[in-house]
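Enquirer: Below is one structure. I have some questions about it.
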Amino acid sequence: MKKIIYLLMVLGLVFTTACNPMDEIYDELGSEEAVISGDAVYTLTDDDYADLKIPNGFTSADEAKSLLPNFLASLYPVWGKDSSVLVEYKMADGASNLEEINAYANAGKYSLTMDDYIASGSDVMGFYPDAKPSDFLDDILADNLEGQEGDIVLVKYAQYTEDPIITTTTNFSLADDFDYGAVAGDLTTITTEWTGHSGASPYVGYDPTTSLSMADYPSSDIGGSVTIGNPGGEDINRGFTPITSGIAYASTLVNFSAVATGDYFLHFMDDGTNFRGRVGVKSDGNGKMLFGIGASSSSLTYGTTAFDFGTTYLVVASYNIDNGTSNLYVLTTAPATEPGTPEATNTGSSGTTIERVAIRQDFSDGPTGTLDGIRVATTWNDIMVDDIVTDVQGEKEYTELYYMYNGTYWNPSIGVYYLSTEDYDSMGTASGQPGRYNNFDNSILPNNYIPAFLTLKYPFAQESDLLIVMYKYYAGGSTSVKGNAYSVLDGMWQGSSPSLQFGHDGTKWVPDNTIKYVLTSADYELVGNGYYNNFDVRAGKAEETIEVRLEKINTILLKNFPGSAEGQKYNVFYNVYSGANEVWNTKVILKGSAYVLQE
């Protein structure tokens, strides 16, 4: 309709100006092509979406960039070069087109493991009520993630709201810490748990004042220990529930002061005289010792690693009842999983039921030293773990929050909030409410609920406070993470609308992030031009060259817009004196830390 009105105006000129020839009118109109430019902010209406045939909104920023130029051409038919319009619109899937928000939506994820919680002193899958998760999360992420500066990760963890009730069980067959009181003596005299099956004095001794230790080994630094010598006489054993198949493991801490030509000092046995998994030690001839294993024979296979006297080692032996293989490990740490390569391996008779573990003293060839913390189990894990948690009762809350890597540390992302299950539930759990499925969709819109939620959660929020809220959104048959920026305006939380800026290049509307900026009196004052509030561009004067003006424009923009992103464009308008007062403009773009002229 506007085009018709303009045409009638031209025809009116033709018929009312009879004294001028028609061609002169056209020549005059053609020679004075005045460009009409303007700036506007426009929010699309429901009628606009209907006209664009996208009633639910755009599916992507690219779709908006494709459809809006023609729309703007019809909305502003006479606007031309250097015009700009900021268009606010809605997305069909509840997303934002802000790059920062999209970065959080596409962030990696990390859920804390049992090992992570153990680092906080917890023995269950969650922080205890009195723990402060932020004291541990940065270190946990540093141990588990290799980040590059700017990387974002969504961290999920649980915390109990009250001390949990833990039910445990023991899966090992035997654990003897040799905690038999404060009186030294012969072990079989001190306790009836151990009985002799061969030999006599010298006896296996009990030392209440010495205990061997190793980090992460559960039978460590508890009570006393046992002593064996060379020459020795007595051999003793302790029974447990028979192991009839699979693998039997035995472990002990050892610290030897001397060894002779070599013999075994620890072994499994059945209820008779069948010995299996003999563990022995001998001198290597160079002031150190070698450990060996014999599956069912006193002829042992020795390893090649030379070990030191006076050092505590964790010795673990296994006997495979089904195939007769024995493996030996001599360790300086207590690993959670069985190492891939044993120190020594030997194969012998299979099929022996294992129901006792024995300590042996040789008459002339055995070691002298201390044993402590003997354990027997059917798996490596049960050797290394005292109590297995079988059930945990207690309420706990799950939290998800974003951490960002700054090049050195992982730090929580301030000003970003990820809605929890409890948050959705607080907005209603009935049909058609967010808590029903803990997400939003095109019938349960985030902006209809989140402002009220934020009002309750942050009752003392101040004007202009800003928060990015990330949420789950169901669309197209799947749920994904979306988000939006919310701020306090006129005392109320409001969600921002996705927006795109368009500029007119003289022919058509094109997506353009250019911000028009007119210098103010304060700007001129900042760069030393406050007296006349202009730049003197006459020949030989201060601002004659574009290089000088560009330097001053940099000073102004960097001060006024410190958060501008790489690639942000500005069209800067300023007063000049060229012999006459004029208004000039310079188009710049931010590259790195400085504004340069647009190409």
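Residue numbering restarts at 1 for every chain of the structure tokens, chains are lettered A, B, ... in their displayed order, and ligands are numbered from 1 as they appear.
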Sorted by chain and rising residue number, which residues of region 257-325 of chain A lie within 12 Å of region 381-398 of chain A, and what are their closest atom pairs and distances in Å to one decimal, counting only C-alpha atoms, as a tab-separated table?

Expert:
```
residue	atom	partner	partner_atom	distance
A:Leu314	CA	A:Met384	CA	11.0
A:Val315	CA	A:Ile383	CA	11.3
A:Val316	CA	A:Ile383	CA	8.9
A:Ala317	CA	A:Ile383	CA	10.8
A:Ser318	CA	A:Ile383	CA	11.1
```

Enquirer: Give me a file of those residues, with all heavy atoms, as a compact mmCIF listing (two decimals), in the first residue's frame.

Expert:
```
# COMPACT_ATOMS: atom_id res chain seq x y z
N LEU A 314 54.72 -55.87 50.02
CA LEU A 314 53.45 -56.60 50.04
C LEU A 314 53.61 -57.79 49.11
O LEU A 314 53.79 -57.63 47.89
CB LEU A 314 52.30 -55.71 49.58
CG LEU A 314 50.94 -56.41 49.43
CD1 LEU A 314 50.46 -56.98 50.77
CD2 LEU A 314 49.90 -55.44 48.87
N VAL A 315 53.54 -58.99 49.68
CA VAL A 315 53.68 -60.22 48.90
C VAL A 315 52.29 -60.83 48.73
O VAL A 315 51.56 -61.04 49.71
CB VAL A 315 54.61 -61.22 49.62
CG1 VAL A 315 54.64 -62.56 48.89
CG2 VAL A 315 56.02 -60.64 49.73
N VAL A 316 51.91 -61.10 47.47
CA VAL A 316 50.62 -61.70 47.17
C VAL A 316 50.87 -62.96 46.33
O VAL A 316 51.51 -62.89 45.27
CB VAL A 316 49.69 -60.75 46.39
CG1 VAL A 316 48.33 -61.41 46.18
CG2 VAL A 316 49.54 -59.43 47.12
N ALA A 317 50.34 -64.09 46.80
CA ALA A 317 50.46 -65.36 46.09
C ALA A 317 49.07 -65.87 45.74
O ALA A 317 48.11 -65.64 46.49
CB ALA A 317 51.19 -66.39 46.94
N SER A 318 48.98 -66.55 44.59
CA SER A 318 47.69 -67.13 44.20
C SER A 318 47.88 -68.59 43.82
O SER A 318 48.96 -68.99 43.35
CB SER A 318 47.08 -66.37 43.03
OG SER A 318 47.87 -66.53 41.86
```

Enquirer: Find the residues near Thr379 (chain A): any atom within 12 Å, counting only C-alpha atoms, skip ones fewer than 2 places away on the same chain, and give them as a PDB file with C-alpha atoms, in the first residue's frame.

Expert:
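Output file out19.pdb is given in full below:
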```pdb
ATOM      1  CA  ASN A 171      34.052 -61.093  51.277  1.00  0.00           C
ATOM      2  CA  PHE A 172      37.513 -62.206  52.358  1.00  0.00           C
ATOM      3  CA  SER A 173      38.104 -65.630  53.892  1.00  0.00           C
ATOM      4  CA  ILE A 243      37.833 -72.750  48.965  1.00  0.00           C
ATOM      5  CA  SER A 245      37.327 -73.964  43.096  1.00  0.00           C
ATOM      6  CA  GLY A 246      38.635 -70.904  41.324  1.00  0.00           C
ATOM      7  CA  ILE A 247      41.599 -68.943  42.654  1.00  0.00           C
ATOM      8  CA  ALA A 248      42.754 -68.576  46.241  1.00  0.00           C
ATOM      9  CA  TYR A 249      44.800 -65.466  47.060  1.00  0.00           C
ATOM     10  CA  ALA A 250      47.033 -64.952  50.119  1.00  0.00           C
ATOM     11  CA  SER A 251      48.785 -61.701  50.984  1.00  0.00           C
ATOM     12  CA  VAL A 316      50.616 -61.704  47.167  1.00  0.00           C
ATOM     13  CA  ALA A 317      50.457 -65.360  46.089  1.00  0.00           C
ATOM     14  CA  SER A 318      47.693 -67.132  44.201  1.00  0.00           C
ATOM     15  CA  TYR A 319      46.817 -70.774  43.574  1.00  0.00           C
ATOM     16  CA  ASN A 320      44.380 -71.708  40.796  1.00  0.00           C
ATOM     17  CA  ALA A 336      43.243 -51.978  43.412  1.00  0.00           C
ATOM     18  CA  THR A 337      43.559 -54.384  40.464  1.00  0.00           C
ATOM     19  CA  GLU A 338      45.795 -57.363  39.870  1.00  0.00           C
ATOM     20  CA  ARG A 375      44.766 -62.017  54.280  1.00  0.00           C
ATOM     21  CA  VAL A 376      43.062 -64.756  52.227  1.00  0.00           C
ATOM     22  CA  ALA A 377      40.313 -64.249  49.625  1.00  0.00           C
ATOM     23  CA  ASN A 381      39.713 -56.916  45.208  1.00  0.00           C
ATOM     24  CA  ASP A 382      38.761 -58.728  48.399  1.00  0.00           C
ATOM     25  CA  ILE A 383      42.425 -58.906  49.380  1.00  0.00           C
ATOM     26  CA  MET A 384      42.633 -55.130  49.053  1.00  0.00           C
ATOM     27  CA  VAL A 385      39.261 -54.138  50.582  1.00  0.00           C
TER      28      VAL A 385
END
```

Enquirer: With only C-alpha atoms as the counted atoms, please give the residues lying no more than 12 Å from Pro133 (chain A), apart from itself and same-chain residues fewer than 6 positions off, as a list in words.

Expert: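 Listed by chain and then number, they are Leu112, Asp116, Tyr117, Ala119, Ser120, Gly121, Ser122, Gly126, Phe127, Asp139, Ile140, Val155, Lys156, Tyr157, Ala158, Gln159, Tyr160, Tyr398, Thr399, Glu400, Leu401 and Pro412 of chain A.
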
Enquirer: Can I get the selected residues back with N, CA, C and O atoms, as a PDB file, in the first residue's frame?

Expert:
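What ended up in part-v7.pdb:
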```
ATOM      1  N   LEU A 112      30.914 -37.692  38.876  1.00  0.00           N
ATOM      2  CA  LEU A 112      31.883 -38.167  39.853  1.00  0.00           C
ATOM      3  C   LEU A 112      31.779 -39.672  40.052  1.00  0.00           C
ATOM      4  O   LEU A 112      30.682 -40.244  40.041  1.00  0.00           O
ATOM      5  N   ASP A 116      36.410 -40.629  43.155  1.00  0.00           N
ATOM      6  CA  ASP A 116      36.345 -39.187  43.398  1.00  0.00           C
ATOM      7  C   ASP A 116      35.788 -38.888  44.791  1.00  0.00           C
ATOM      8  O   ASP A 116      36.299 -38.016  45.504  1.00  0.00           O
ATOM      9  N   TYR A 117      34.720 -39.604  45.155  1.00  0.00           N
ATOM     10  CA  TYR A 117      34.129 -39.367  46.477  1.00  0.00           C
ATOM     11  C   TYR A 117      35.075 -39.810  47.604  1.00  0.00           C
ATOM     12  O   TYR A 117      35.124 -39.188  48.665  1.00  0.00           O
ATOM     13  N   ALA A 119      38.159 -39.482  47.646  1.00  0.00           N
ATOM     14  CA  ALA A 119      39.126 -38.399  47.853  1.00  0.00           C
ATOM     15  C   ALA A 119      38.612 -37.351  48.831  1.00  0.00           C
ATOM     16  O   ALA A 119      39.393 -36.627  49.453  1.00  0.00           O
ATOM     17  N   SER A 120      37.290 -37.259  48.984  1.00  0.00           N
ATOM     18  CA  SER A 120      36.706 -36.300  49.920  1.00  0.00           C
ATOM     19  C   SER A 120      36.515 -36.887  51.315  1.00  0.00           C
ATOM     20  O   SER A 120      36.006 -36.218  52.207  1.00  0.00           O
ATOM     21  N   GLY A 121      36.892 -38.161  51.462  1.00  0.00           N
ATOM     22  CA  GLY A 121      36.704 -38.830  52.745  1.00  0.00           C
ATOM     23  C   GLY A 121      35.410 -39.616  52.834  1.00  0.00           C
ATOM     24  O   GLY A 121      35.089 -40.166  53.890  1.00  0.00           O
ATOM     25  N   SER A 122      34.671 -39.693  51.728  1.00  0.00           N
ATOM     26  CA  SER A 122      33.415 -40.441  51.723  1.00  0.00           C
ATOM     27  C   SER A 122      33.673 -41.893  51.328  1.00  0.00           C
ATOM     28  O   SER A 122      34.574 -42.176  50.537  1.00  0.00           O
ATOM     29  N   GLY A 126      28.616 -40.397  47.062  1.00  0.00           N
ATOM     30  CA  GLY A 126      28.090 -39.061  47.324  1.00  0.00           C
ATOM     31  C   GLY A 126      28.902 -38.384  48.410  1.00  0.00           C
ATOM     32  O   GLY A 126      29.560 -39.046  49.230  1.00  0.00           O
ATOM     33  N   PHE A 127      28.885 -37.051  48.406  1.00  0.00           N
ATOM     34  CA  PHE A 127      29.520 -36.311  49.488  1.00  0.00           C
ATOM     35  C   PHE A 127      28.682 -36.453  50.761  1.00  0.00           C
ATOM     36  O   PHE A 127      27.452 -36.541  50.703  1.00  0.00           O
ATOM     37  N   ASP A 139      40.142 -30.072  42.120  1.00  0.00           N
ATOM     38  CA  ASP A 139      41.203 -31.086  42.105  1.00  0.00           C
ATOM     39  C   ASP A 139      40.742 -32.364  41.402  1.00  0.00           C
ATOM     40  O   ASP A 139      41.519 -33.003  40.683  1.00  0.00           O
ATOM     41  N   ILE A 140      39.484 -32.745  41.609  1.00  0.00           N
ATOM     42  CA  ILE A 140      38.956 -33.943  40.956  1.00  0.00           C
ATOM     43  C   ILE A 140      38.995 -33.780  39.442  1.00  0.00           C
ATOM     44  O   ILE A 140      39.400 -34.683  38.699  1.00  0.00           O
ATOM     45  N   VAL A 155      29.468 -30.703  35.422  1.00  0.00           N
ATOM     46  CA  VAL A 155      29.847 -31.661  36.464  1.00  0.00           C
ATOM     47  C   VAL A 155      28.604 -32.082  37.244  1.00  0.00           C
ATOM     48  O   VAL A 155      27.821 -31.235  37.689  1.00  0.00           O
ATOM     49  N   LYS A 156      28.447 -33.399  37.407  1.00  0.00           N
ATOM     50  CA  LYS A 156      27.310 -33.921  38.156  1.00  0.00           C
ATOM     51  C   LYS A 156      27.815 -34.656  39.390  1.00  0.00           C
ATOM     52  O   LYS A 156      28.697 -35.500  39.298  1.00  0.00           O
ATOM     53  N   TYR A 157      27.244 -34.310  40.551  1.00  0.00           N
ATOM     54  CA  TYR A 157      27.631 -34.990  41.784  1.00  0.00           C
ATOM     55  C   TYR A 157      26.425 -35.109  42.713  1.00  0.00           C
ATOM     56  O   TYR A 157      25.388 -34.457  42.518  1.00  0.00           O
ATOM     57  N   ALA A 158      26.576 -35.961  43.702  1.00  0.00           N
ATOM     58  CA  ALA A 158      25.512 -36.197  44.684  1.00  0.00           C
ATOM     59  C   ALA A 158      26.016 -35.840  46.074  1.00  0.00           C
ATOM     60  O   ALA A 158      27.210 -35.995  46.374  1.00  0.00           O
ATOM     61  N   GLN A 159      25.096 -35.363  46.916  1.00  0.00           N
ATOM     62  CA  GLN A 159      25.444 -35.068  48.303  1.00  0.00           C
ATOM     63  C   GLN A 159      24.289 -35.487  49.197  1.00  0.00           C
ATOM     64  O   GLN A 159      23.127 -35.166  48.921  1.00  0.00           O
ATOM     65  N   TYR A 160      24.624 -36.235  50.257  1.00  0.00           N
ATOM     66  CA  TYR A 160      23.604 -36.681  51.197  1.00  0.00           C
ATOM     67  C   TYR A 160      23.123 -35.517  52.051  1.00  0.00           C
ATOM     68  O   TYR A 160      23.917 -34.669  52.467  1.00  0.00           O
ATOM     69  N   TYR A 398      21.078 -34.322  43.890  1.00  0.00           N
ATOM     70  CA  TYR A 398      21.998 -34.300  42.759  1.00  0.00           C
ATOM     71  C   TYR A 398      22.151 -32.859  42.270  1.00  0.00           C
ATOM     72  O   TYR A 398      21.164 -32.141  42.134  1.00  0.00           O
ATOM     73  N   THR A 399      23.368 -32.477  42.017  1.00  0.00           N
ATOM     74  CA  THR A 399      23.661 -31.130  41.536  1.00  0.00           C
ATOM     75  C   THR A 399      24.461 -31.222  40.242  1.00  0.00           C
ATOM     76  O   THR A 399      25.353 -32.063  40.112  1.00  0.00           O
ATOM     77  N   GLU A 400      24.117 -30.344  39.297  1.00  0.00           N
ATOM     78  CA  GLU A 400      24.883 -30.225  38.065  1.00  0.00           C
ATOM     79  C   GLU A 400      25.288 -28.766  37.905  1.00  0.00           C
ATOM     80  O   GLU A 400      24.435 -27.870  37.986  1.00  0.00           O
ATOM     81  N   LEU A 401      26.574 -28.539  37.733  1.00  0.00           N
ATOM     82  CA  LEU A 401      27.053 -27.168  37.559  1.00  0.00           C
ATOM     83  C   LEU A 401      28.222 -27.154  36.581  1.00  0.00           C
ATOM     84  O   LEU A 401      28.880 -28.166  36.361  1.00  0.00           O
ATOM     85  N   PRO A 412      34.495 -22.870  38.821  1.00  0.00           N
ATOM     86  CA  PRO A 412      33.052 -22.825  38.560  1.00  0.00           C
ATOM     87  C   PRO A 412      32.686 -21.615  37.725  1.00  0.00           C
ATOM     88  O   PRO A 412      33.236 -20.529  37.907  1.00  0.00           O
TER      89      PRO A 412
END
```

Enquirer: Do you know which residues are at most 8 Å from Glu463 (chain A) counting only C-alpha atoms, after dropping those on the same chain fewer than 2 positions away, and could you put them as an MDAnalysis selection string?

Expert: chainID A and resid 461 465 487:491

Enquirer: Which neighbours of region 76-89 of chain A fall inside 8 Å, counting only C-alpha atoms, when residues of the same chain fewer than 2 positions from it are skipped, and could you give them as JSON, numbers by chain?

Expert: {"A": [35, 36, 37, 38, 39, 40, 41, 42, 43, 44, 57, 58, 72, 73, 74, 91, 497, 498, 499, 500, 501, 502, 503, 504, 505, 506, 507]}

Enquirer: Can you pull out every residue within 8 Å of Ile444 (chain A), counting only C-alpha atoms, but drop anything in the same chain fewer than 6 positions away, and send it as a short mmCIF file (atom, residue, chain, number, x, y, z; two decimals) with N, CA and C atoms, in the first residue's frame?

Expert:
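Written file, part_11.cif:
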```
data_model
loop_
_atom_site.label_atom_id
_atom_site.label_comp_id
_atom_site.auth_asym_id
_atom_site.auth_seq_id
_atom_site.Cartn_x
_atom_site.Cartn_y
_atom_site.Cartn_z
N GLY A 432 1.42 -31.16 31.97
CA GLY A 432 1.52 -29.81 31.42
C GLY A 432 2.38 -28.88 32.25
N GLN A 433 3.13 -29.42 33.21
CA GLN A 433 4.03 -28.62 34.04
C GLN A 433 5.45 -29.18 33.93
N PRO A 434 6.48 -28.35 34.15
CA PRO A 434 7.86 -28.78 33.92
C PRO A 434 8.29 -30.01 34.71
#
```

Enquirer: Choose the residue, out of A:Gly285, A:Thr261, A:Leu466, A:Tyr473, that has the smallest atom-to-atom separation from Phe440 (chain A); count only C-alpha atoms.

Expert: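 Answer, going by the shortest atom-to-atom distance: A:Tyr473.
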
Enquirer: Hey, can you check how far CA of Leu300 (chain A) sits from CA of Pro242 (chain A)?

Expert: 24.8 Å

Enquirer: Could you pull the residues within 8 Å of region 205-222 of chain A, counting only C-alpha atoms, minus those fewer than 6 positions along the same chain, as a ChimeraX atom specification?

Expert: /A:175-187,190,228,253-255,312,314,332-335,371-375,384-386

Enquirer: Let's have the selection written as a PDB file, in the first residue's frame, with C-alpha atoms.

Expert:
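And here's part-v2.pdb as it stands now:
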```pdb
ATOM      1  CA  ALA A 175      42.130 -61.207  57.723  1.00  0.00           C
ATOM      2  CA  ASP A 176      44.630 -61.404  60.577  1.00  0.00           C
ATOM      3  CA  ASP A 177      46.162 -58.116  61.726  1.00  0.00           C
ATOM      4  CA  PHE A 178      47.957 -59.834  64.637  1.00  0.00           C
ATOM      5  CA  ASP A 179      46.276 -57.623  67.176  1.00  0.00           C
ATOM      6  CA  TYR A 180      46.542 -59.996  70.158  1.00  0.00           C
ATOM      7  CA  GLY A 181      47.289 -57.661  73.038  1.00  0.00           C
ATOM      8  CA  ALA A 182      50.321 -56.081  74.640  1.00  0.00           C
ATOM      9  CA  VAL A 183      52.178 -59.184  75.833  1.00  0.00           C
ATOM     10  CA  ALA A 184      54.950 -60.664  73.700  1.00  0.00           C
ATOM     11  CA  GLY A 185      55.441 -64.430  73.394  1.00  0.00           C
ATOM     12  CA  ASP A 186      54.945 -67.476  71.209  1.00  0.00           C
ATOM     13  CA  LEU A 187      52.029 -66.858  68.849  1.00  0.00           C
ATOM     14  CA  ILE A 190      49.168 -65.905  72.863  1.00  0.00           C
ATOM     15  CA  ILE A 228      60.262 -65.824  62.149  1.00  0.00           C
ATOM     16  CA  LEU A 253      53.455 -57.626  54.521  1.00  0.00           C
ATOM     17  CA  VAL A 254      57.071 -58.750  54.961  1.00  0.00           C
ATOM     18  CA  ASN A 255      60.272 -57.091  56.135  1.00  0.00           C
ATOM     19  CA  THR A 312      58.488 -53.531  53.744  1.00  0.00           C
ATOM     20  CA  LEU A 314      53.454 -56.598  50.039  1.00  0.00           C
ATOM     21  CA  THR A 332      55.695 -51.580  47.004  1.00  0.00           C
ATOM     22  CA  THR A 333      52.093 -50.308  46.740  1.00  0.00           C
ATOM     23  CA  ALA A 334      48.673 -51.894  47.203  1.00  0.00           C
ATOM     24  CA  PRO A 335      47.006 -51.692  43.748  1.00  0.00           C
ATOM     25  CA  LEU A 371      55.307 -60.799  58.770  1.00  0.00           C
ATOM     26  CA  ASP A 372      52.108 -58.829  59.288  1.00  0.00           C
ATOM     27  CA  GLY A 373      48.569 -58.448  57.943  1.00  0.00           C
ATOM     28  CA  ILE A 374      47.917 -61.884  56.435  1.00  0.00           C
ATOM     29  CA  ARG A 375      44.766 -62.017  54.280  1.00  0.00           C
ATOM     30  CA  MET A 384      42.633 -55.130  49.053  1.00  0.00           C
ATOM     31  CA  VAL A 385      39.261 -54.138  50.582  1.00  0.00           C
ATOM     32  CA  ASP A 386      38.147 -54.643  54.162  1.00  0.00           C
TER      33      ASP A 386
END
```

Enquirer: Check the smallest atom-to-atom distance from each of A:Thr555, A:Ser496, A:Thr304, A:Asn70 to Gly483 (chain A) using only C-alpha atoms, then report the winner.

Expert: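 Of the candidates, the smallest distance to Gly483 (chain A) is held by A:Ser496.
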
Enquirer: List every residue of region 245-417 of chain A that DSSP, applied to the backbone of this structure, assigns to helix (DSSP H, G or I), and report them as a PyMOL selection string.

Expert: chain A and resi 380-384

Enquirer: Which distance in Å separates CA of Gly233 (chain A) and CA of Ser296 (chain A), to one decimal?

Expert: 21.8 Å

Enquirer: Any chance you could list, as a PyMOL selection string, the residues in region 137-376 of chain A that come up strand (DSSP E or B) when DSSP is run on the backbone?

Expert: chain A and resi 152-160+165-169+174-176+185-186+195-198+205-207+225-228+235-243+247-258+263-269+275-283+289-294+301-302+307+313-320+325-331+344-347+354-359+368-376
